[in-house]
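A.B. asks: Pasting in a structure now, in structure tokens, and then I'll have a few things to ask.
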Amino acid sequence: MAEKLRIGIIGTGGIAHSHANAYKSFDDVEVVAGADIIPGKARKFLDEFGWTDAAAYEDCESLCKRDDIDAVSICTYNTQHACCAIAALESGKHVLLEKPMCVTLQEGIDIMKAEKKSGKILTVGFQPRYNNNCRKIKRIVDSGELGKVYYVQIGGSRRRGIPGRTFIDADKAAFGAIGDLGCYSLDLSLNSIGYPKPLTVSAYTSDYFGKNPKYYSEADRFSVDDFSAAFIRLEGDIILDYRMAWAMHMDICSDFVILGTDAGLKATAPHPNPLWGSIISGDISGLYIMHDKGGEPVTTQLSLEATNYNIFTMKVRDFVDAVKTGGKAPIPTSQIIYNQAIIDAMVTSAKERCEIRIEIPEI
Ligand SMILES: NC(=O)c1ccc[n+]([C@@H]2O[C@H](COP(=O)([O-])OP(=O)(O)OC[C@H]3O[C@@H](n4cnc5c(N)ncnc54)[C@H](O)[C@@H]3O)[C@@H](O)[C@H]2O)c1
């Protein structure tokens, strides 16, 4: 049997478990190290998965220094994505980086420069890309059936779904719903229409639920946003109308709508919307195309496709296959830098209460 791919896991908290479960299910990879800044946490995690021979570190640099590791999963909280990704790339490792890519546009640019210099690949972990209904939506747009796309509406809706843990600390997560659910919704909508370049953003954020002890038990610690809305102009004269909520007095803030000159597509969120479910992870209750036939408006309901595999496992498998075959990053930084630029501009726009023009340098 060919030599196994040697993996390190950086950040061994919640989501690292889904990476570990995936790696454990493959017989052509071996997890040889883990790192977490909380003393003892990486050791406990590795032992839990039966990797008792794997080395545990208390910082990312010590793991990266090892030259017998091929690739890493980075599962730290958001503010630690860029430094860990750059350290891993600079030490010659391929990277599977959890979403969002990072916190600011400048960090995204720095990651891309390190990736280019290293000759390694970095893929960003948006597992909803592997959901069959999300794939179907992209196929429909790609087929040209909608005509020229000019307006997209996307929403990530939770009525009461503030995640807690490190997601609500500004020093760890940097932002709330705007970048947490927001980065998924941006990936779903932008990927569906071919990732057009973002031009300008005008955004709003609020924190009326997270900061209110009546609605949230950890209100004293909450330091990020819990709701955001934005109006985003994209190349090709396309408008992206965006609304995200971790909490609100409403069931959904938007279905997923794509308007084209020949037809419109609508993916509806489950009704009643579950408190935690979201259309952006492929939780779609109905898929419709609206167009004219014989001069009359008609609506066609499309079938929904089951996803009979674990999308977390798929995203890790796709990364492993790309590394093993010398292939391209499955979800490349060249696309996700647009996602990151929008998040960065939304944060600034909301803070400065004005429209922001997006400038992304050639890398
Ligand atoms: N793809 C998904 O569905 C999904 C789901 C949840 C979270 N996430 C993303 O995964 C990331 C982690 O989320 P989580 O819920 O696992 O958070 P978490 O707080 O449970 O785990 C993060 C871990 O990283 C460790 N850490 C932080 N900085 C580090 C560093 N420099 N070196 C080594 N370890 C470090 C922390 O000590 C912690 O144990 C976030 O970016 C989040 O957005 C993705």
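Identifiers in this document derive from the order of the structure tokens: chains are assigned A, B, ..., residues are numbered from 1 separately in each chain, and ligands are numbered from 1 in order of occurrence.
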Could the residues of chain A that have an atom at most 7 Å from ligand 1 be listed as a Markdown table, each with its closest atom pair and the distance in Å to one decimal, counting only C-alpha atoms and all ligand atoms and ordered by chain and ascending residue number?

C.D. replies:
| residue | atom | partner | partner_atom_place_in_ligand_line | distance |
| --- | --- | --- | --- | --- |
| A:Ile10 | CA | ligand 1 | 33 (C) | 5.1 |
| A:Gly11 | CA | ligand 1 | 24 (O) | 3.5 |
| A:Thr12 | CA | ligand 1 | 39 (O) | 4.9 |
| A:Gly13 | CA | ligand 1 | 21 (O) | 3.3 |
| A:Gly14 | CA | ligand 1 | 16 (O) | 3.5 |
| A:Ile15 | CA | ligand 1 | 16 (O) | 3.8 |
| A:Ala16 | CA | ligand 1 | 16 (O) | 5.8 |
| A:Ala35 | CA | ligand 1 | 33 (C) | 5.1 |
| A:Asp36 | CA | ligand 1 | 34 (N) | 3.4 |
| A:Ile37 | CA | ligand 1 | 34 (N) | 4.6 |
| A:Ile38 | CA | ligand 1 | 37 (O) | 5.0 |
| A:Lys41 | CA | ligand 1 | 39 (O) | 6.9 |
| A:Glu58 | CA | ligand 1 | 33 (C) | 6.7 |
| A:Asp59 | CA | ligand 1 | 32 (N) | 4.9 |
| A:Cys60 | CA | ligand 1 | 32 (N) | 4.5 |
| A:Cys75 | CA | ligand 1 | 11 (C) | 4.7 |
| A:Thr76 | CA | ligand 1 | 24 (O) | 3.4 |
| A:Tyr77 | CA | ligand 1 | 40 (C) | 4.1 |
| A:Asn78 | CA | ligand 1 | 41 (O) | 4.2 |
| A:Gln80 | CA | ligand 1 | 28 (N) | 5.2 |
| A:Cys84 | CA | ligand 1 | 31 (N) | 6.1 |
| A:Glu98 | CA | ligand 1 | 10 (O) | 5.1 |
| A:Lys99 | CA | ligand 1 | 43 (O) | 5.2 |
| A:Pro100 | CA | ligand 1 | 43 (O) | 5.8 |
| A:Gly125 | CA | ligand 1 | 1 (N) | 5.8 |
| A:Phe126 | CA | ligand 1 | 1 (N) | 6.0 |
| A:Gln127 | CA | ligand 1 | 1 (N) | 6.3 |
| A:Arg165 | CA | ligand 1 | 19 (O) | 6.3 |
| A:Thr166 | CA | ligand 1 | 19 (O) | 4.8 |
| A:Asp180 | CA | ligand 1 | 43 (O) | 5.9 |

A.B. asks: Set the distance at 8 Å and use only C-alpha atoms: which residues neighbour Ile239 of chain A once local chain neighbours fewer than 6 positions away are removed? I'd like the list as an MDAnalysis selection string.

C.D. replies: chainID A and resid 150:152 231:233

A.B. asks: Using only C-alpha atoms, find each residue of segment 77-150 of chain A with at least one atom at most 12 Å away from an atom of segment 297-316 of chain A; report its shortest atom-to-atom pair and that distance in Å (one decimal), sort the rows by chain and rising residue number, and return the result as a Markdown table.

C.D. replies:
| residue | atom | partner | partner_atom | distance |
| --- | --- | --- | --- | --- |
| A:Val95 | CA | A:Val316 | CA | 10.7 |
| A:Leu96 | CA | A:Val316 | CA | 7.7 |
| A:Leu97 | CA | A:Val316 | CA | 10.3 |
| A:Glu98 | CA | A:Lys315 | CA | 10.5 |
| A:Lys99 | CA | A:Lys315 | CA | 11.9 |
| A:Thr123 | CA | A:Lys315 | CA | 9.3 |
| A:Val124 | CA | A:Lys315 | CA | 9.1 |
| A:Gly125 | CA | A:Lys315 | CA | 6.7 |
| A:Phe126 | CA | A:Lys315 | CA | 7.5 |
| A:Gln127 | CA | A:Ile311 | CA | 5.5 |
| A:Pro128 | CA | A:Ile311 | CA | 6.9 |
| A:Arg129 | CA | A:Ile311 | CA | 8.2 |
| A:Tyr130 | CA | A:Ile311 | CA | 5.6 |
| A:Asn131 | CA | A:Thr307 | CA | 6.0 |
| A:Asn132 | CA | A:Thr307 | CA | 5.6 |
| A:Asn133 | CA | A:Glu305 | CA | 5.8 |
| A:Cys134 | CA | A:Glu305 | CA | 9.5 |
| A:Arg135 | CA | A:Glu305 | CA | 9.6 |
| A:Lys136 | CA | A:Glu305 | CA | 8.1 |
| A:Ile137 | CA | A:Leu304 | CA | 10.4 |
| A:Ile140 | CA | A:Leu302 | CA | 10.9 |

A.B. asks: Create the file for the chosen residues now, containing N, CA and C atoms and written as a compact mmCIF listing (two decimals), in the first residue's frame.

C.D. replies:
# COMPACT_ATOMS: atom_id res chain seq x y z
N VAL A 95 -3.05 22.94 3.47
CA VAL A 95 -3.94 23.38 4.55
C VAL A 95 -5.42 23.22 4.19
N LEU A 96 -6.14 22.59 5.12
CA LEU A 96 -7.61 22.63 5.09
C LEU A 96 -8.00 23.57 6.22
N LEU A 97 -8.49 24.76 5.83
CA LEU A 97 -8.77 25.82 6.80
C LEU A 97 -10.27 25.93 7.03
N GLU A 98 -10.66 25.91 8.29
CA GLU A 98 -12.10 26.06 8.60
C GLU A 98 -12.62 27.42 8.16
N LYS A 99 -13.92 27.51 7.98
CA LYS A 99 -14.56 28.77 7.63
C LYS A 99 -14.70 29.65 8.86
N THR A 123 -7.40 25.00 1.06
CA THR A 123 -8.83 24.95 0.74
C THR A 123 -9.61 25.39 1.98
N VAL A 124 -10.75 26.05 1.75
CA VAL A 124 -11.54 26.56 2.87
C VAL A 124 -12.75 25.64 3.07
N GLY A 125 -13.05 25.34 4.33
CA GLY A 125 -14.00 24.27 4.66
C GLY A 125 -15.47 24.61 4.61
N PHE A 126 -15.99 24.86 3.42
CA PHE A 126 -17.43 25.11 3.26
C PHE A 126 -18.14 23.82 2.85
N GLN A 127 -18.50 22.99 3.81
CA GLN A 127 -19.10 21.68 3.46
C GLN A 127 -20.46 21.76 2.75
N PRO A 128 -21.26 22.87 2.91
CA PRO A 128 -22.52 22.88 2.15
C PRO A 128 -22.32 22.79 0.64
N ARG A 129 -21.11 23.06 0.15
CA ARG A 129 -20.83 22.88 -1.29
C ARG A 129 -21.11 21.44 -1.75
N TYR A 130 -21.05 20.51 -0.76
CA TYR A 130 -21.23 19.09 -1.14
C TYR A 130 -22.68 18.64 -0.99
N ASN A 131 -23.56 19.55 -0.57
CA ASN A 131 -24.98 19.22 -0.47
C ASN A 131 -25.58 19.17 -1.88
N ASN A 132 -26.33 18.12 -2.17
CA ASN A 132 -26.83 17.93 -3.53
C ASN A 132 -27.80 19.00 -4.01
N ASN A 133 -28.59 19.58 -3.08
CA ASN A 133 -29.50 20.65 -3.53
C ASN A 133 -28.74 21.94 -3.84
N CYS A 134 -27.69 22.20 -3.05
CA CYS A 134 -26.85 23.38 -3.35
C CYS A 134 -26.17 23.18 -4.71
N ARG A 135 -25.73 21.94 -4.97
CA ARG A 135 -25.09 21.64 -6.26
C ARG A 135 -26.09 21.79 -7.41
N LYS A 136 -27.33 21.38 -7.14
CA LYS A 136 -28.36 21.45 -8.18
C LYS A 136 -28.64 22.92 -8.55
N ILE A 137 -28.69 23.78 -7.54
CA ILE A 137 -28.94 25.20 -7.81
C ILE A 137 -27.83 25.74 -8.71
N ILE A 140 -28.25 24.58 -12.30
CA ILE A 140 -29.33 25.28 -13.01
C ILE A 140 -28.83 26.64 -13.51

A.B. asks: Give the alpha helix (DSSP H) residues of segment 20-224 of chain A, as DSSP finds them on the backbone, and put them as JSON, numbers by chain.

C.D. replies: {"A": [20, 21, 22, 23, 24, 25, 41, 42, 43, 44, 45, 46, 47, 48, 60, 61, 62, 63, 64, 65, 81, 82, 83, 84, 85, 86, 87, 88, 89, 90, 105, 106, 107, 108, 109, 110, 111, 112, 113, 114, 115, 116, 117, 118, 132, 133, 134, 135, 136, 137, 138, 139, 140, 141, 142, 143, 170, 171, 172, 173, 180, 181, 182, 183, 184, 185, 186, 187, 188, 189, 190, 191, 192]}

A.B. asks: Might you pull out every residue within 10 Å of segment 325-327 of chain A, with only C-alpha atoms counted and same-chain residues fewer than 5 positions away left off, and present them as a list in words?

C.D. replies: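 My list of contacting residues is Lys120, Ile121, Asp318, Phe319 and Val320 of chain A.
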
A.B. asks: Taking the backbone alone, and naming residues the way the document does, which bits of segment 41-95 of chain A are strand (DSSP E) by DSSP, as a ChimeraX atom specification?

C.D. replies: /A:55-57,71-74,94-95

A.B. asks: Which neighbours of segment 153-159 of chain A fall inside 10 Å, counting only C-alpha atoms, when residues of the same chain fewer than 6 positions from it are skipped, and could you give them as number ranges by chain?

C.D. replies: A: 177-178, 180-186, 188-189, 226-229, 231, 239-259, 266-267, 269, 273-281

A.B. asks: For those residues, write C-alpha atoms to a file as a PDB file, in the first residue's frame.

C.D. replies:
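The new file out_33.pdb reads:
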ATOM      1  CA  ALA A 177     -23.728  36.280  12.507  1.00  0.00           C
ATOM      2  CA  ILE A 178     -22.262  38.587   9.846  1.00  0.00           C
ATOM      3  CA  ASP A 180     -20.341  33.054  10.884  1.00  0.00           C
ATOM      4  CA  LEU A 181     -23.597  32.326   9.013  1.00  0.00           C
ATOM      5  CA  GLY A 182     -22.636  35.120   6.635  1.00  0.00           C
ATOM      6  CA  CYS A 183     -19.614  33.402   5.110  1.00  0.00           C
ATOM      7  CA  TYR A 184     -21.742  30.299   4.293  1.00  0.00           C
ATOM      8  CA  SER A 185     -24.474  32.368   2.683  1.00  0.00           C
ATOM      9  CA  LEU A 186     -21.917  34.302   0.673  1.00  0.00           C
ATOM     10  CA  LEU A 188     -23.671  29.492  -1.429  1.00  0.00           C
ATOM     11  CA  SER A 189     -24.921  32.533  -3.328  1.00  0.00           C
ATOM     12  CA  ASP A 226     -26.351  38.860  16.232  1.00  0.00           C
ATOM     13  CA  PHE A 227     -28.047  40.338  13.127  1.00  0.00           C
ATOM     14  CA  SER A 228     -26.797  41.872   9.904  1.00  0.00           C
ATOM     15  CA  ALA A 229     -28.143  43.090   6.594  1.00  0.00           C
ATOM     16  CA  PHE A 231     -26.663  45.532  -0.001  1.00  0.00           C
ATOM     17  CA  ILE A 239     -27.154  42.978  -6.612  1.00  0.00           C
ATOM     18  CA  LEU A 240     -26.768  40.696  -3.611  1.00  0.00           C
ATOM     19  CA  ASP A 241     -29.355  41.382  -0.896  1.00  0.00           C
ATOM     20  CA  TYR A 242     -28.122  39.738   2.292  1.00  0.00           C
ATOM     21  CA  ARG A 243     -29.717  39.206   5.771  1.00  0.00           C
ATOM     22  CA  MET A 244     -28.282  37.070   8.591  1.00  0.00           C
ATOM     23  CA  ALA A 245     -29.715  36.404  12.034  1.00  0.00           C
ATOM     24  CA  TRP A 246     -28.562  34.410  15.007  1.00  0.00           C
ATOM     25  CA  ALA A 247     -31.641  35.750  16.795  1.00  0.00           C
ATOM     26  CA  MET A 248     -34.712  37.834  15.862  1.00  0.00           C
ATOM     27  CA  HIS A 249     -38.471  38.115  16.309  1.00  0.00           C
ATOM     28  CA  MET A 250     -39.167  36.443  12.946  1.00  0.00           C
ATOM     29  CA  ASP A 251     -39.133  32.891  11.575  1.00  0.00           C
ATOM     30  CA  ILE A 252     -37.002  33.488   8.466  1.00  0.00           C
ATOM     31  CA  CYS A 253     -35.310  36.605   7.142  1.00  0.00           C
ATOM     32  CA  SER A 254     -35.176  35.382   3.549  1.00  0.00           C
ATOM     33  CA  ASP A 255     -35.556  32.480   1.182  1.00  0.00           C
ATOM     34  CA  PHE A 256     -32.752  32.083  -1.377  1.00  0.00           C
ATOM     35  CA  VAL A 257     -33.845  33.852  -4.562  1.00  0.00           C
ATOM     36  CA  ILE A 258     -32.022  34.276  -7.874  1.00  0.00           C
ATOM     37  CA  LEU A 259     -33.661  36.535 -10.468  1.00  0.00           C
ATOM     38  CA  LYS A 266     -36.388  30.129  -5.324  1.00  0.00           C
ATOM     39  CA  ALA A 267     -35.086  27.771  -2.643  1.00  0.00           C
ATOM     40  CA  ALA A 269     -36.277  27.502   4.017  1.00  0.00           C
ATOM     41  CA  ASN A 273     -38.179  27.307  10.294  1.00  0.00           C
ATOM     42  CA  PRO A 274     -36.467  25.210  12.951  1.00  0.00           C
ATOM     43  CA  LEU A 275     -34.826  27.352  15.597  1.00  0.00           C
ATOM     44  CA  TRP A 276     -31.376  26.235  14.528  1.00  0.00           C
ATOM     45  CA  GLY A 277     -31.761  25.048  10.906  1.00  0.00           C
ATOM     46  CA  SER A 278     -30.725  27.168   8.010  1.00  0.00           C
ATOM     47  CA  ILE A 279     -31.090  27.246   4.245  1.00  0.00           C
ATOM     48  CA  ILE A 280     -27.389  28.020   3.902  1.00  0.00           C
ATOM     49  CA  SER A 281     -26.393  24.530   4.979  1.00  0.00           C
TER      50      SER A 281
END

A.B. asks: Counting only C-alpha atoms, what is within 7 Å of Thr261 of chain A, bar same-chain residues fewer than 6 positions away, as a list in words?

C.D. replies: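 So, after excluding close chain neighbours, the residues are Leu146, Gly147, Lys148 and Val149 of chain A.
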
A.B. asks: One decimal, in Å: what's the spacing between atom CA of Tyr23 of chain A and atom CA of Gly108 of chain A?

C.D. replies: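 Here the two named atoms are 26.4 Å from each other.
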
A.B. asks: Restricting the calculation to only C-alpha atoms, which member of A:Met290, A:Ile238, A:Ala170, A:Ile109 is positioned closest to Tyr338 of chain A?

C.D. replies: A:Ile109

A.B. asks: Which is closest to Phe222 of chain A among A:Ser73, A:Asn191, A:Ser334, A:Ser206, if we use only C-alpha atoms?

C.D. replies: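 Looking at the shortest contact to Phe222 of chain A, the residue is A:Ser206.
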
A.B. asks: Find the residues around Phe26 of chain A up to 12 Å (only C-alpha atoms counted), leave out those fewer than 4 positions away in its own chain, and share them as a ChimeraX atom specification.

C.D. replies: /A:4-7,19-22,30-31,313-314,316-318,320-321

A.B. asks: Looking at only C-alpha atoms, which of A:Ser192, A:Ser349, A:Gln106, A:Ser118 is the one that sits closest to Ala88 of chain A?

C.D. replies: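 With only C-alpha atoms as the atom set, the closest residue is A:Ser118.
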